[in-house]
Amino acid sequence: MTNPSEEQMTALLAQWNDWLAGRTDAMLSLEDRVRTAGTKKDQDDLAAAFVARKVVGDRLQAITDLVDRDRAKAAALANEPLVDDLGSPVGRNLADAAALVDAIVQRVESNVSGVETRSATEVGLATRADADLSVAERLANDLGSNVNRAAKLRSDLVARRNLADIAEQAAELRGELEQIDAERRQLFDSWAAIDDRLSALGENEASVRELAVRCRAKIMQAPTLAIPSVAAVGPFQAIEELRSMPWSAARGVMAPVVDKVQRLDAALAEARRRYQQPLDDRDDLRGLLQSFRDKADGHGLGENNELEPVYRQAEALLWAAPCDLAAARPLVDQYVAAVNAKITSKVSPGGVGS
């Protein structure tokens with residue numbers, strides 16, 4: 001641009017002045033960040049960028065001062081080399097000098113941003129590790145478990161030794177201790193309710209024993225399953241005494257008893273199921289036999305000479321005490337099949353009812 005118009009020079013100077021203002025603001029902001037997160041080299045580079053920016057600013061001022069008198073000379077001044085106050089070269093021309101400033105600022109910005117990111121990450125890791133360790137230390141003291149491990153991690157955190165590894169180990173320790181604490185709370189809750197639970201199990205045991213007597217009286221093939229005794233569990237230490245003990249010792253007292261009570265509950269439930277099942281089977285067979293007798297009656301077969309003996313035989317077995325389920329079941333199956341066959345033959349083509 002050897003002889004630009006007034007409008008072209010005005011636009012060009014406005015563009016450069018905008019660049020200078022924006023770059024100055026960015027550099028001033030970066031200067032504060034370099035003081036806290038930059039290296040000595042970053043500080044020196046930014047200082048060099050400020051020198052180059054001043055040279056660019058001075059050249060822009062010279063062009064501005066000259067443009068009203070000689071636009072061609074002012075335009076030519078933009079393409080002349082720029083040097084600092086010591087005579088060191090800054091750029092082959094205005095654009096080259098500005099590019100140098102941009103390059104230095106971008107490099108320093110990148111370095112500082114990297115440090116800031118790492119610093120923020122480390123702060124986040126340290127904060128998370130501190131929170132996890134605070135919980136872990138409290139639980140370790142309460143439980144009497146992993147106290148030394150928590151203390152070692154706290155020492156490493158204070159010394160900032162491998163924060164990522166410390167944070168991971170602190171989270172792991174907290175998780176382990178929280179799991180132990182959850183077990184502790186659950187065991188103490190179970191222990192607090194153990195008397196009431198055993199009272200309920202005692203009532204359940206009495207009910208199961210009554211059921212077993214009834215089953216043996218009613219069913220020939222009654223189970224021979226033993227029924228556990230609730231009275232065999234106990235006596236127990238007071239919960240206040242257990243709370244004053246180290247957790248490992250208290251757990252050694254409570255866990256076997258709670259497990260035994262749970263097994264007792266399961267054993268009583270299984271005994272109830274085993275003794276109730278034959279009675280339910282008998283009732284089911286009675287209902288099935290009677291429903292098919294009603295079905296036979298509905299088809300005029302209630303007193304059929306072929307069906308009635310099977311029905312009477314099955315009925316006698318099912319309503320006898322004790323009931324021989326093994327003998328009754330095949331007779332019921334035989335009666336059901338015979339009723340279905342008779343009804344089918346009555347209604348099918350060529351049958352009796354055709």
# chains A, B, ... in the order shown; residues from 1 in each chain; ligands from 1
>>> residues_around(residues="stretch 271-274 of chain A", least_positions_apart="3", cutoff="8 Å", atoms="only C-alpha atoms", output="VMD selection string")
chain A and resid 208 211 to 212 223 225 to 227 267 to 268 277 to 278
>>> select_by_dssp(residues="stretch 9-256 of chain A", states="alpha helix (DSSP H)", output="PyMOL selection string")
chain A and resi 9-37+40-67+71-77+94-143+147-158+163-192+194-218+239-243+247-256
>>> atom_distance(atom1="atom CA of A:Pro228", atom2="atom CA of A:Ile194")
17.1 Å
>>> residues_around(residues="stretch 36-47 of chain A", least_positions_apart="6", cutoff="9 Å", atoms="only C-alpha atoms", output="VMD selection string")
chain A and resid 27 30 101 104 to 105 107 to 109 111 to 113 115 to 116 119
>>> closest_residue(among="A:Thr127, A:Arg69, A:His299, A:Ala206", to="A:Ser345", atoms="only C-alpha atoms")
A:His299
>>> select_by_dssp(residues="stretch 29-258 of chain A", states="strand (DSSP E)", output="list in words")
Leu82, Val83, Pro89, Val90 and Gly91 of chain A
>>> write_last_selection(atoms="C-alpha atoms", output="mmCIF file, in the first residue's frame")
data_model
loop_
_atom_site.group_PDB
_atom_site.id
_atom_site.type_symbol
_atom_site.label_atom_id
_atom_site.label_comp_id
_atom_site.auth_asym_id
_atom_site.auth_seq_id
_atom_site.Cartn_x
_atom_site.Cartn_y
_atom_site.Cartn_z
ATOM 1 C CA LEU A 82 11.630 -1.954 14.437
ATOM 2 C CA VAL A 83 14.317 -1.867 17.160
ATOM 3 C CA PRO A 89 15.860 -5.823 16.433
ATOM 4 C CA VAL A 90 12.192 -6.440 17.258
ATOM 5 C CA GLY A 91 10.760 -7.097 13.790
#
>>> residues_around(residues="stretch 135-140 of chain A", least_positions_apart="2", cutoff="10 Å", atoms="only C-alpha atoms", output="list of chain:residue names")
A:Asp130, A:Ala131, A:Asp132, A:Leu133, A:Asp142, A:Leu143, A:Gly144, A:Ser145, A:Asn146, A:Val147, A:Asn148, A:Arg149, A:Ala150, A:Ala151, A:Leu153, A:Arg154, A:Ala170, A:Ala171, A:Glu172, A:Leu173, A:Arg174, A:Gly175, A:Glu176, A:Leu177, A:Glu178, A:Ile180, A:Asp181
>>> write_last_selection(atoms="C-alpha atoms", output="PDB file, in the first residue's frame")
ATOM      1  CA  ASP A 130      -8.278 -34.659  53.207  1.00  0.00           C
ATOM      2  CA  ALA A 131     -12.051 -35.179  53.327  1.00  0.00           C
ATOM      3  CA  ASP A 132     -11.715 -38.967  52.967  1.00  0.00           C
ATOM      4  CA  LEU A 133      -8.922 -39.108  55.539  1.00  0.00           C
ATOM      5  CA  ASP A 142     -13.780 -45.535  66.820  1.00  0.00           C
ATOM      6  CA  LEU A 143     -13.145 -49.033  65.496  1.00  0.00           C
ATOM      7  CA  GLY A 144      -9.558 -49.451  66.676  1.00  0.00           C
ATOM      8  CA  SER A 145      -8.669 -50.536  63.151  1.00  0.00           C
ATOM      9  CA  ASN A 146      -6.176 -49.195  60.555  1.00  0.00           C
ATOM     10  CA  VAL A 147      -5.095 -46.320  62.827  1.00  0.00           C
ATOM     11  CA  ASN A 148      -1.457 -46.505  61.701  1.00  0.00           C
ATOM     12  CA  ARG A 149      -2.471 -46.726  58.051  1.00  0.00           C
ATOM     13  CA  ALA A 150      -4.543 -43.562  58.365  1.00  0.00           C
ATOM     14  CA  ALA A 151      -1.693 -41.767  60.161  1.00  0.00           C
ATOM     15  CA  LEU A 153      -1.541 -41.360  54.723  1.00  0.00           C
ATOM     16  CA  ARG A 154      -2.007 -38.119  56.673  1.00  0.00           C
ATOM     17  CA  ALA A 170      -7.564 -42.476  51.248  1.00  0.00           C
ATOM     18  CA  ALA A 171     -10.783 -43.218  49.351  1.00  0.00           C
ATOM     19  CA  GLU A 172     -10.075 -46.954  49.570  1.00  0.00           C
ATOM     20  CA  LEU A 173      -9.402 -46.788  53.312  1.00  0.00           C
ATOM     21  CA  ARG A 174     -12.528 -44.732  53.914  1.00  0.00           C
ATOM     22  CA  GLY A 175     -14.596 -47.265  51.966  1.00  0.00           C
ATOM     23  CA  GLU A 176     -13.171 -50.188  53.947  1.00  0.00           C
ATOM     24  CA  LEU A 177     -13.767 -48.503  57.285  1.00  0.00           C
ATOM     25  CA  GLU A 178     -17.281 -47.376  56.345  1.00  0.00           C
ATOM     26  CA  ILE A 180     -16.755 -52.168  58.789  1.00  0.00           C
ATOM     27  CA  ASP A 181     -18.702 -49.418  60.560  1.00  0.00           C
TER      28      ASP A 181
END
>>> atom_distance(atom1="atom CA of A:Glu6", atom2="atom CA of A:Ile63")
12.8 Å
>>> closest_residue(among="A:Ala103, A:Leu187, A:Val56, A:Leu307", to="A:Lys342", atoms="only C-alpha atoms")
A:Leu307
>>> atom_distance(atom1="atom CA of A:Thr10", atom2="atom CA of A:Asp102")
23.1 Å
>>> residues_around(residues="A:Lys260", least_positions_apart="4", cutoff="8 Å", atoms="only C-alpha atoms", output="ChimeraX atom specification")
/A:233,256,264
>>> decode(residues="stretch 30-65 of chain A", atoms="N, CA, C and O atoms", output="compact mmCIF listing (two decimals), in the first residue's frame")
# COMPACT_ATOMS: atom_id res chain seq x y z
N LEU A 30 -2.04 -11.46 32.19
CA LEU A 30 -1.09 -12.57 32.24
C LEU A 30 0.04 -12.29 33.22
O LEU A 30 0.58 -13.21 33.85
N GLU A 31 0.38 -11.00 33.37
CA GLU A 31 1.48 -10.63 34.27
C GLU A 31 1.19 -11.09 35.70
O GLU A 31 2.08 -11.61 36.40
N ASP A 32 -0.06 -10.91 36.16
CA ASP A 32 -0.43 -11.35 37.50
C ASP A 32 -0.33 -12.87 37.63
O ASP A 32 0.12 -13.39 38.66
N ARG A 33 -0.76 -13.58 36.61
CA ARG A 33 -0.72 -15.05 36.66
C ARG A 33 0.71 -15.58 36.64
O ARG A 33 1.03 -16.57 37.30
N VAL A 34 1.57 -14.89 35.88
CA VAL A 34 2.97 -15.32 35.81
C VAL A 34 3.64 -15.19 37.17
O VAL A 34 4.48 -16.02 37.55
N ARG A 35 3.27 -14.16 37.93
CA ARG A 35 3.89 -13.96 39.25
C ARG A 35 3.59 -15.13 40.19
O ARG A 35 4.39 -15.46 41.05
N THR A 36 2.39 -15.76 40.03
CA THR A 36 2.01 -16.85 40.94
C THR A 36 2.26 -18.24 40.36
O THR A 36 2.52 -19.18 41.11
N ALA A 37 2.19 -18.37 39.04
CA ALA A 37 2.29 -19.72 38.45
C ALA A 37 3.37 -19.85 37.40
O ALA A 37 3.54 -20.93 36.83
N GLY A 38 4.09 -18.77 37.10
CA GLY A 38 5.10 -18.83 36.05
C GLY A 38 6.50 -19.09 36.57
O GLY A 38 6.80 -18.89 37.75
N THR A 39 7.37 -19.50 35.66
CA THR A 39 8.78 -19.71 35.98
C THR A 39 9.55 -18.40 35.76
O THR A 39 9.01 -17.42 35.25
N LYS A 40 10.82 -18.45 36.12
CA LYS A 40 11.67 -17.27 35.85
C LYS A 40 11.74 -17.00 34.36
O LYS A 40 11.72 -15.83 33.92
N LYS A 41 11.80 -18.06 33.55
CA LYS A 41 11.84 -17.87 32.10
C LYS A 41 10.55 -17.23 31.60
O LYS A 41 10.56 -16.38 30.71
N ASP A 42 9.39 -17.65 32.18
CA ASP A 42 8.12 -17.06 31.77
C ASP A 42 8.12 -15.57 32.09
O ASP A 42 7.64 -14.74 31.29
N GLN A 43 8.64 -15.21 33.24
CA GLN A 43 8.70 -13.80 33.62
C GLN A 43 9.60 -13.01 32.66
O GLN A 43 9.24 -11.90 32.24
N ASP A 44 10.76 -13.58 32.32
CA ASP A 44 11.67 -12.91 31.39
C ASP A 44 11.04 -12.78 30.00
O ASP A 44 11.17 -11.72 29.34
N ASP A 45 10.38 -13.82 29.54
CA ASP A 45 9.74 -13.78 28.22
C ASP A 45 8.64 -12.73 28.18
O ASP A 45 8.52 -11.98 27.19
N LEU A 46 7.85 -12.65 29.23
CA LEU A 46 6.78 -11.66 29.24
C LEU A 46 7.35 -10.25 29.30
O LEU A 46 6.81 -9.32 28.66
N ALA A 47 8.44 -10.07 30.03
CA ALA A 47 9.10 -8.76 30.06
C ALA A 47 9.57 -8.38 28.67
O ALA A 47 9.43 -7.21 28.23
N ALA A 48 10.12 -9.34 27.92
CA ALA A 48 10.56 -9.08 26.54
C ALA A 48 9.36 -8.74 25.66
O ALA A 48 9.45 -7.87 24.76
N ALA A 49 8.22 -9.36 25.92
CA ALA A 49 7.01 -9.07 25.14
C ALA A 49 6.53 -7.64 25.41
O ALA A 49 6.07 -6.94 24.50
N PHE A 50 6.66 -7.20 26.67
CA PHE A 50 6.28 -5.82 27.00
C PHE A 50 7.19 -4.83 26.28
O PHE A 50 6.73 -3.77 25.80
N VAL A 51 8.49 -5.15 26.17
CA VAL A 51 9.42 -4.27 25.44
C VAL A 51 9.01 -4.19 23.98
O VAL A 51 8.94 -3.10 23.38
N ALA A 52 8.73 -5.36 23.39
CA ALA A 52 8.34 -5.38 21.98
C ALA A 52 7.02 -4.66 21.77
O ALA A 52 6.83 -3.96 20.77
N ARG A 53 6.09 -4.82 22.72
CA ARG A 53 4.80 -4.12 22.60
C ARG A 53 4.99 -2.62 22.63
O ARG A 53 4.33 -1.87 21.91
N LYS A 54 5.93 -2.14 23.46
CA LYS A 54 6.19 -0.69 23.52
C LYS A 54 6.77 -0.19 22.19
O LYS A 54 6.39 0.89 21.71
N VAL A 55 7.63 -1.02 21.61
CA VAL A 55 8.21 -0.62 20.32
C VAL A 55 7.11 -0.52 19.26
O VAL A 55 7.06 0.43 18.46
N VAL A 56 6.18 -1.49 19.27
CA VAL A 56 5.06 -1.46 18.32
C VAL A 56 4.19 -0.23 18.60
O VAL A 56 3.75 0.48 17.67
N GLY A 57 3.94 0.04 19.88
CA GLY A 57 3.11 1.20 20.24
C GLY A 57 3.76 2.50 19.79
O GLY A 57 3.08 3.41 19.29
N ASP A 58 5.08 2.57 19.99
CA ASP A 58 5.79 3.80 19.57
C ASP A 58 5.70 3.97 18.05
O ASP A 58 5.53 5.10 17.55
N ARG A 59 5.85 2.84 17.32
CA ARG A 59 5.79 2.94 15.86
C ARG A 59 4.39 3.37 15.42
O ARG A 59 4.24 4.19 14.49
N LEU A 60 3.37 2.85 16.06
CA LEU A 60 1.99 3.24 15.71
C LEU A 60 1.77 4.73 16.01
O LEU A 60 1.10 5.43 15.24
N GLN A 61 2.34 5.21 17.09
CA GLN A 61 2.20 6.64 17.42
C GLN A 61 2.92 7.49 16.37
O GLN A 61 2.40 8.56 15.97
N ALA A 62 4.08 7.02 15.93
CA ALA A 62 4.82 7.77 14.90
C ALA A 62 4.03 7.83 13.60
O ALA A 62 3.99 8.86 12.91
N ILE A 63 3.42 6.71 13.25
CA ILE A 63 2.60 6.68 12.02
C ILE A 63 1.42 7.62 12.18
O ILE A 63 1.06 8.37 11.25
N THR A 64 0.79 7.59 13.36
CA THR A 64 -0.37 8.46 13.61
C THR A 64 0.02 9.93 13.51
O THR A 64 -0.71 10.77 12.94
N ASP A 65 1.18 10.27 14.06
CA ASP A 65 1.63 11.67 14.02
C ASP A 65 1.96 12.11 12.61
O ASP A 65 1.84 13.31 12.27
